[in-house]
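Asks: Sharing run_36.txt (compact mmCIF, C-alpha atoms and all ligand atoms) below.
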```
# COMPACT_ATOMS: atom_id res chain seq x y z
CA MET A 1 38.81 14.47 46.01
CA LYS A 2 40.00 11.64 48.25
CA ARG A 3 39.93 12.40 51.97
CA PHE A 4 41.92 10.17 54.30
CA VAL A 5 39.85 10.76 57.42
CA SER A 6 37.27 8.70 59.24
CA MET A 7 33.61 9.65 59.07
CA GLU A 8 33.62 9.98 62.88
CA GLU A 9 36.22 12.75 62.61
CA ILE A 10 34.34 14.90 60.14
CA SER A 11 30.64 14.12 60.52
CA ASP A 12 27.86 13.45 62.99
CA GLY A 13 28.28 9.76 62.14
CA ARG A 14 25.03 9.46 60.18
CA LEU A 15 24.31 9.00 56.49
CA TYR A 16 21.27 10.68 54.96
CA ASN A 17 19.02 10.17 51.95
CA LEU A 18 17.12 12.90 50.08
CA ASN A 19 13.98 12.48 52.21
CA ASP A 20 15.79 12.57 55.56
CA MET A 21 15.85 15.59 57.85
CA VAL A 22 19.29 16.98 58.61
CA LYS A 23 20.48 19.91 60.73
CA ALA A 24 21.91 21.84 57.78
CA ASP A 25 19.64 24.85 57.34
CA CYS A 26 21.75 27.90 58.22
CA HIS A 27 18.93 30.29 57.27
CA ASP A 28 20.35 32.03 54.23
CA CYS A 29 23.76 32.39 55.90
CA VAL A 30 22.70 35.80 57.29
CA GLY A 31 25.82 37.71 58.39
CA CYS A 32 28.17 34.86 57.52
CA SER A 33 30.33 34.05 54.50
CA LYS A 34 32.90 31.90 56.24
CA CYS A 35 32.89 29.04 53.74
CA CYS A 36 33.45 31.43 50.83
CA HIS A 37 36.74 32.60 52.43
CA ASP A 38 40.12 30.99 52.76
CA MET A 39 39.12 27.84 50.88
CA VAL A 40 42.43 27.75 48.97
CA ASP A 41 41.73 25.40 46.02
CA THR A 42 39.18 23.04 47.57
CA ILE A 43 36.00 24.16 45.80
CA ILE A 44 36.43 21.76 42.89
CA LEU A 45 34.13 22.34 39.93
CA SER A 46 32.43 19.49 38.11
CA PRO A 47 31.04 19.54 34.54
CA ILE A 48 27.56 20.62 35.67
CA ASP A 49 29.18 23.67 37.29
CA ALA A 50 30.89 24.54 34.00
CA TYR A 51 27.47 24.35 32.32
CA TYR A 52 25.57 26.45 34.89
CA LEU A 53 28.32 29.04 35.35
CA SER A 54 28.52 29.49 31.62
CA LYS A 55 24.74 29.72 31.32
CA GLY A 56 24.27 32.03 34.32
CA LEU A 57 27.13 34.38 33.49
CA GLY A 58 26.63 34.26 29.72
CA ARG A 59 30.34 33.56 29.27
CA PRO A 60 32.14 30.46 28.01
CA PHE A 61 33.67 28.56 30.93
CA ARG A 62 37.17 28.84 29.48
CA GLU A 63 36.96 32.65 29.93
CA LEU A 64 36.73 32.21 33.70
CA ILE A 65 40.08 30.46 33.91
CA GLU A 66 42.74 32.63 35.57
CA LYS A 67 40.46 35.30 37.01
CA GLU A 68 37.66 33.44 38.82
CA VAL A 69 38.73 29.83 38.31
CA ALA A 70 42.09 28.06 38.61
CA LEU A 71 43.28 24.65 37.50
CA ARG A 72 45.06 22.14 39.69
CA VAL A 73 45.85 18.44 39.85
CA VAL A 74 43.42 16.52 42.09
CA ASP A 75 44.39 12.87 42.65
CA GLY A 76 46.26 12.92 39.31
CA VAL A 77 43.50 14.61 37.27
CA ILE A 78 43.62 18.28 36.23
CA LEU A 79 40.38 19.89 37.45
CA PRO A 80 39.14 23.47 37.85
CA ASN A 81 38.43 25.06 41.22
CA MET A 82 37.09 28.37 42.48
CA LYS A 83 39.98 30.78 42.86
CA MET A 84 40.41 32.89 46.01
CA THR A 85 41.06 36.60 45.37
CA ALA A 86 44.51 37.91 46.27
CA ASP A 87 43.21 40.94 48.20
CA ARG A 88 40.20 39.53 50.13
CA ASN A 89 41.13 35.83 50.14
CA CYS A 90 37.62 34.88 49.17
CA CYS A 91 35.80 33.48 46.16
CA ALA A 92 35.73 35.98 43.30
CA PHE A 93 31.91 35.73 43.24
CA LEU A 94 31.46 36.91 46.83
CA ASP A 95 30.21 40.50 46.66
CA GLU A 96 31.19 43.39 48.93
CA GLN A 97 28.20 42.68 51.18
CA GLY A 98 29.45 39.14 51.76
CA ARG A 99 26.73 37.54 49.61
CA CYS A 100 27.12 35.06 46.79
CA SER A 101 26.56 36.98 43.56
CA ILE A 102 25.84 33.77 41.64
CA HIS A 103 23.57 32.12 44.20
CA PRO A 104 21.00 30.69 41.71
CA PHE A 105 23.74 28.90 39.77
CA ARG A 106 26.38 28.43 42.47
CA PRO A 107 28.55 25.30 42.17
CA ASP A 108 27.41 21.91 43.34
CA LEU A 109 29.77 21.89 46.35
CA CYS A 110 28.49 25.28 47.56
CA ARG A 111 24.93 24.05 47.10
CA LEU A 112 25.64 21.02 49.27
CA PHE A 113 27.54 22.70 52.10
CA PRO A 114 27.59 21.84 55.03
CA LEU A 115 26.63 18.44 53.60
CA GLY A 116 29.00 16.19 51.69
CA ARG A 117 28.61 13.01 49.64
CA TYR A 118 29.74 9.62 50.87
CA TYR A 119 30.20 7.04 48.11
CA GLU A 120 29.93 3.33 48.72
CA ASN A 121 28.87 0.25 46.73
CA GLY A 122 28.21 2.18 43.52
CA ASP A 123 25.89 4.67 45.20
CA PHE A 124 26.11 7.64 47.55
CA ARG A 125 24.41 9.16 50.52
CA TYR A 126 24.91 12.47 52.26
CA PHE A 127 26.72 13.30 55.48
CA LEU A 128 26.72 16.39 57.69
CA GLN A 129 30.17 17.91 58.00
CA THR A 130 30.92 18.97 61.55
CA GLY A 131 33.36 21.70 62.59
CA GLN A 132 32.72 23.64 59.37
CA CYS A 133 29.60 25.77 59.74
CA ASP A 134 29.11 27.15 63.26
CA HIS A 135 26.08 29.28 62.34
CA PRO A 136 22.82 28.40 64.20
CA ARG A 137 21.17 25.68 62.10
CA THR A 138 17.81 23.93 62.07
CA LYS A 139 16.57 20.75 60.44
CA VAL A 140 15.64 20.64 56.78
CA LYS A 141 14.91 17.85 54.32
CA VAL A 142 18.11 16.96 52.45
CA GLY A 143 16.39 17.24 49.04
CA LYS A 144 15.04 20.69 49.91
CA TRP A 145 18.44 21.88 51.09
CA ILE A 146 20.22 20.77 47.94
CA ASP A 147 17.45 22.27 45.81
CA THR A 148 18.59 20.62 42.58
CA PRO A 149 16.11 20.20 39.73
CA ASP A 150 15.53 16.66 38.42
CA PRO A 151 17.15 14.78 41.34
CA ALA A 152 17.07 11.40 39.52
CA ALA A 153 18.99 12.70 36.49
CA HIS A 154 21.35 14.57 38.80
CA ARG A 155 22.04 11.43 40.83
CA GLU A 156 22.79 9.43 37.68
CA TYR A 157 25.15 12.18 36.52
CA VAL A 158 26.94 12.42 39.90
CA LEU A 159 27.54 8.66 39.97
CA ARG A 160 28.74 8.49 36.37
CA TRP A 161 31.12 11.43 36.86
CA HIS A 162 32.43 9.94 40.10
CA ASP A 163 33.03 6.59 38.41
CA LEU A 164 34.69 8.17 35.39
CA LEU A 165 37.00 10.25 37.57
CA LYS A 166 37.90 7.23 39.67
CA ARG A 167 38.88 5.27 36.58
CA ALA A 168 40.90 8.20 35.20
CA GLU A 169 42.67 8.55 38.56
CA GLU A 170 43.57 4.86 38.60
CA ILE A 171 45.08 5.10 35.11
CA LEU A 172 47.00 8.28 35.94
CA GLU A 173 48.28 6.91 39.25
CA ASN A 174 49.50 3.64 37.75
CA SER A 175 50.84 4.68 34.35
CA GLU A 176 54.35 5.99 33.85
CA ASP A 177 53.64 6.87 30.22
CA GLU A 178 53.80 10.66 30.41
CA GLU A 179 52.33 11.19 26.97
CA LEU A 180 49.34 8.97 27.69
CA ASN A 181 48.80 10.73 31.03
CA HIS A 182 49.02 14.15 29.42
CA ASN A 183 46.60 13.18 26.65
CA LEU A 184 44.07 11.73 29.09
CA ASN A 185 44.21 14.83 31.27
CA MET A 186 43.79 17.14 28.29
CA ALA A 187 40.90 15.03 26.99
CA VAL A 188 39.03 15.24 30.32
CA LEU A 189 39.64 18.98 30.58
CA ASN A 190 38.68 19.73 27.00
CA VAL A 191 35.68 17.45 26.71
CA PHE A 192 34.02 18.27 30.04
CA TYR A 193 35.05 21.89 30.63
CA MET A 194 36.65 23.74 27.73
CA THR A 195 34.30 22.68 24.95
CA PRO A 196 31.34 25.05 25.36
CA TYR A 197 27.98 23.54 26.35
CA ARG A 198 24.82 24.47 24.50
CA THR A 199 23.27 26.26 27.45
CA ASP A 200 19.80 26.43 25.88
CA GLU A 201 19.70 22.62 25.87
CA ASP A 202 19.59 19.97 28.60
CA PHE A 203 22.88 19.43 30.43
CA TYR A 204 22.47 15.74 31.20
CA GLU A 205 22.15 14.64 27.57
CA GLN A 206 25.24 16.60 26.62
CA PHE A 207 27.13 15.16 29.56
CA ALA A 208 26.15 11.60 28.61
CA LEU A 209 27.52 12.06 25.08
CA ARG A 210 30.76 13.53 26.39
CA ALA A 211 31.10 10.79 29.02
CA GLU A 212 30.74 8.11 26.32
CA LYS A 213 33.64 9.70 24.47
CA ILE A 214 35.99 9.64 27.48
CA GLU A 215 34.79 6.24 28.69
CA SER A 216 35.76 4.78 25.31
CA VAL A 217 39.27 6.31 25.69
CA ILE A 218 39.56 4.93 29.23
CA ARG A 219 38.45 1.44 28.15
CA GLU A 220 41.11 1.21 25.40
S1 LIG B 1 29.69 28.72 57.31
FE1 LIG B 1 27.50 28.13 57.26
S2 LIG B 1 26.38 30.05 57.59
FE2 LIG B 1 28.48 30.59 57.03
S3 LIG B 1 28.40 30.90 54.82
FE3 LIG B 1 29.00 28.79 55.16
S4 LIG B 1 27.10 27.59 55.14
FE4 LIG B 1 26.56 29.75 55.38
S1 LIG B 2 30.24 30.45 44.45
FE1 LIG B 2 29.09 31.63 45.93
S2 LIG B 2 28.70 30.20 47.63
FE2 LIG B 2 30.34 29.33 46.37
S3 LIG B 2 32.25 30.03 47.35
FE3 LIG B 2 31.73 31.48 45.72
S4 LIG B 2 30.57 33.11 46.74
FE4 LIG B 2 30.59 31.33 48.10
```
Could I get this file's structure written as structure tokens?

Replies:
Amino acid sequence: MKRFVSMEEISDGRLYNLNDMVKADCHDCVGCSKCCHDMVDTIILSPIDAYYLSKGLGRPFRELIEKEVALRVVDGVILPNMKMTADRNCCAFLDEQGRCSIHPFRPDLCRLFPLGRYYENGDFRYFLQTGQCDHPRTKVKVGKWIDTPDPAAHREYVLRWHDLLKRAEEILENSEDEELNHNLNMAVLNVFYMTPYRTDEDFYEQFALRAEKIESVIRE
């Protein structure tokens, strides 16, 4: 999602790598669930989230649409996001005790928070979002905080997905051919989210095959 703000406005002004220490450790969020409330439609889900949610919950991702997940247009592309409940205005996976009921397979954005990714020159680094989490925090290594298995494969995936989305956005922003736009949007949605993943197999290989398919459509 594009954000038209300066880094000075939203961060501590520093960029971090996986081995850097950052003041992000909010100690298991004890007594706080602020960033699971009132998030409207900003917790955008990426293909790896569709895979892990489906694997963790034992349900195809498409079954989550409507109840726990909603769809919306983000910079021209239709993408899923965590839906806020009507009664509590929080993520549907936040339990009555204010804890994340899907913590081991929570989405990538939740895993990162209060960090974000800053993309430049075909790569990315991390930044610490300020004004978001006011819980007492201590320093932690970025890689430890994110706690994602196989960081190299994950990095490659994040960059490829980012690049693919950027190219899809450019096409959708510049084309007035409604049919082409509709077909591209449906292809992205179906290929990366609605077509079930084989959850007993590696995600990254499946993603690479699916990305090739869409990249060939985008190149045409
Ligand atoms: S605001 Fe900070 S402490 Fe509260 S739930 Fe979010 S990350 Fe955890
Ligand atoms: S998935 Fe978990 S951490 Fe993320 S918003 Fe929902 S309850 Fe909070």

Asks: Report, in Å with one decimal, the straight-line distance from atom CA of Asp49 of chain A to atom CA of Asp134 of chain A.

Replies: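 We find that atom CA of Asp49 of chain A and atom CA of Asp134 of chain A lie 26.2 Å from each other.
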
Asks: Anything within 9 Å of (42.9, 35.4, 51.6): list those residues as an MDAnalysis selection string, counting only C-alpha atoms and sticking to the file's coordinates.

Replies: chainID A and resid 37:40 84:90

Asks: Report, in Å to a single decimal, how far apart atom CA of Leu57 of chain A and atom CA of Ser33 of chain A are.

Replies: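 A separation of 21.3 Å between them.
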
Asks: Which residues of segment 70-132 of chain A come within 10 Å of segment 17-32 of chain A, and what is each one's closest atom pair and distance in Å (one decimal), counting all atoms listed in the file, sorted by chain and residue number, as JSON lines?

Replies:
```
{"residue": "A:Gln97", "atom": "CA", "partner": "A:Gly31", "partner_atom": "CA", "distance": 9.1}
{"residue": "A:Gly98", "atom": "CA", "partner": "A:Cys32", "partner_atom": "CA", "distance": 7.3}
{"residue": "A:Arg99", "atom": "CA", "partner": "A:Cys32", "partner_atom": "CA", "distance": 8.5}
{"residue": "A:Leu112", "atom": "CA", "partner": "A:Ala24", "partner_atom": "CA", "distance": 9.3}
{"residue": "A:Phe113", "atom": "CA", "partner": "A:Ala24", "partner_atom": "CA", "distance": 8.0}
{"residue": "A:Pro114", "atom": "CA", "partner": "A:Ala24", "partner_atom": "CA", "distance": 6.3}
{"residue": "A:Leu115", "atom": "CA", "partner": "A:Ala24", "partner_atom": "CA", "distance": 7.2}
{"residue": "A:Phe124", "atom": "CA", "partner": "A:Asn17", "partner_atom": "CA", "distance": 8.7}
{"residue": "A:Arg125", "atom": "CA", "partner": "A:Asn17", "partner_atom": "CA", "distance": 5.7}
{"residue": "A:Tyr126", "atom": "CA", "partner": "A:Asn17", "partner_atom": "CA", "distance": 6.3}
{"residue": "A:Phe127", "atom": "CA", "partner": "A:Val22", "partner_atom": "CA", "distance": 8.9}
{"residue": "A:Leu128", "atom": "CA", "partner": "A:Ala24", "partner_atom": "CA", "distance": 7.3}
{"residue": "A:Gln129", "atom": "CA", "partner": "A:Ala24", "partner_atom": "CA", "distance": 9.1}
```

Asks: What lies within 10 Å of Asp108 of chain A using all atoms listed in the file, ignoring chain neighbours under 4 positions off, as a PyMOL selection string?

Replies: chain A and resi 43-49+52+112-113+146+148

Asks: Residues within 8 Å of ligand LIG 2 (chain B) (only C-alpha atoms and all ligand atoms), as a CSV table (one decimal) with C-alpha atoms, in the coordinates of the input?

Replies:
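And here's part-v2.csv as it stands now:
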```
chain,number,residue,atom,x,y,z
A,33,SER,CA,30.3,34.0,54.5
A,35,CYS,CA,32.9,29.0,53.7
A,36,CYS,CA,33.4,31.4,50.8
A,37,HIS,CA,36.7,32.6,52.4
A,43,ILE,CA,36.0,24.2,45.8
A,82,MET,CA,37.1,28.4,42.5
A,90,CYS,CA,37.6,34.9,49.2
A,91,CYS,CA,35.8,33.5,46.2
A,92,ALA,CA,35.7,36.0,43.3
A,93,PHE,CA,31.9,35.7,43.2
A,94,LEU,CA,31.5,36.9,46.8
A,95,ASP,CA,30.2,40.5,46.7
A,98,GLY,CA,29.4,39.1,51.8
A,99,ARG,CA,26.7,37.5,49.6
A,100,CYS,CA,27.1,35.1,46.8
A,101,SER,CA,26.6,37.0,43.6
A,102,ILE,CA,25.8,33.8,41.6
A,103,HIS,CA,23.6,32.1,44.2
A,106,ARG,CA,26.4,28.4,42.5
A,107,PRO,CA,28.6,25.3,42.2
A,109,LEU,CA,29.8,21.9,46.4
A,110,CYS,CA,28.5,25.3,47.6
A,111,ARG,CA,24.9,24.0,47.1
```

Asks: Write out as a list of chain:residue names which residues come within 9 Å of Val188 of chain A when counting all atoms listed in the file, dropping same-chain ones fewer than 6 positions away.

Replies: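 Near Val188 of chain A, the qualifying residues are A:Val77, A:Ile78, A:Leu79, A:Ala168, A:Ile214.
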
Asks: Could you please give me, as a PyMOL selection string, the residues of protein, DNA or RNA lying at most 12 Å from (49.6, 10.7, 29.3) in the coordinate frame of the file, considering all atoms listed in the file?

Replies: chain A and resi 76-78+168-169+171-188+217-218

Asks: Which residue out of A:Phe203, A:Trp161, A:Tyr51, A:Trp145 has the minimum interatomic distance to ligand LIG 1 (chain B) when only C-alpha atoms and all ligand atoms are used?

Replies: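 When distances to ligand LIG 1 (chain B) are compared using only C-alpha atoms and all ligand atoms, the smallest one comes from A:Trp145.
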
Asks: In Å, how far is it from atom CA of Arg72 of chain A to atom CA of Glu215 of chain A?

Replies: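 Taking atom CA of Arg72 of chain A as the start and atom CA of Glu215 of chain A as the end point, the length is 21.9 Å.
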
Asks: Check the smallest atom-to-atom distance from each of A:Lys141, A:Arg167, A:Arg62, A:Lys83 to Tyr16 of chain A using all atoms listed in the file, then report the winner.

Replies: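 Counting all atoms listed in the file, the residue closest to Tyr16 of chain A is A:Lys141.
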
Asks: Using all atoms of ligand LIG 1 (chain B) listed in the file and a margin of 4 Å per side, can you give the axis-aligned box centre and edge lengths in Å to one decimal, as AutoDock Vina command-line options?

Replies:
```
--center_x 28.0 --center_y 29.2 --center_z 56.2 --size_x 11.3 --size_y 11.3 --size_z 10.8
```

Asks: My list of candidates is A:Val142, A:Cys133, A:Val73, A:Leu15. Which is closest to ligand LIG 1 (chain B) when distances are computed with only C-alpha atoms and all ligand atoms?

Replies: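 Looking only at the distances to ligand LIG 1 (chain B), the closest residue turns out to be A:Cys133.
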
Asks: I'd like to know which of A:Met7, A:Arg137, A:Ala50, A:Pro60 is closest to ligand LIG 1 (chain B), using only C-alpha atoms and all ligand atoms.

Replies: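 The closest residue to ligand LIG 1 (chain B) is A:Arg137.
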
Asks: With distances taken over only C-alpha atoms and all ligand atoms, which of A:Tyr204, A:Leu53, A:Glu9, A:Thr130 is nearest to ligand LIG 1 (chain B)?

Replies: A:Thr130

Asks: Which of these, A:Asp200, A:Glu212, A:Asp41, A:Glu96, has the shortest distance to Ser54 of chain A once you count all atoms listed in the file?

Replies: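 With all atoms listed in the file as the atom set, the closest residue is A:Asp200.
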
Asks: Near Glu205 of chain A, counting all atoms listed in the file, which residues have an atom at most 10 Å away, once you skip same-chain residues fewer than 5 positions from it, shown as a list of chain:residue names?

Replies: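 Here the qualifying residues turn out to be A:Ala153, A:Tyr157, A:Arg210, A:Ala211.
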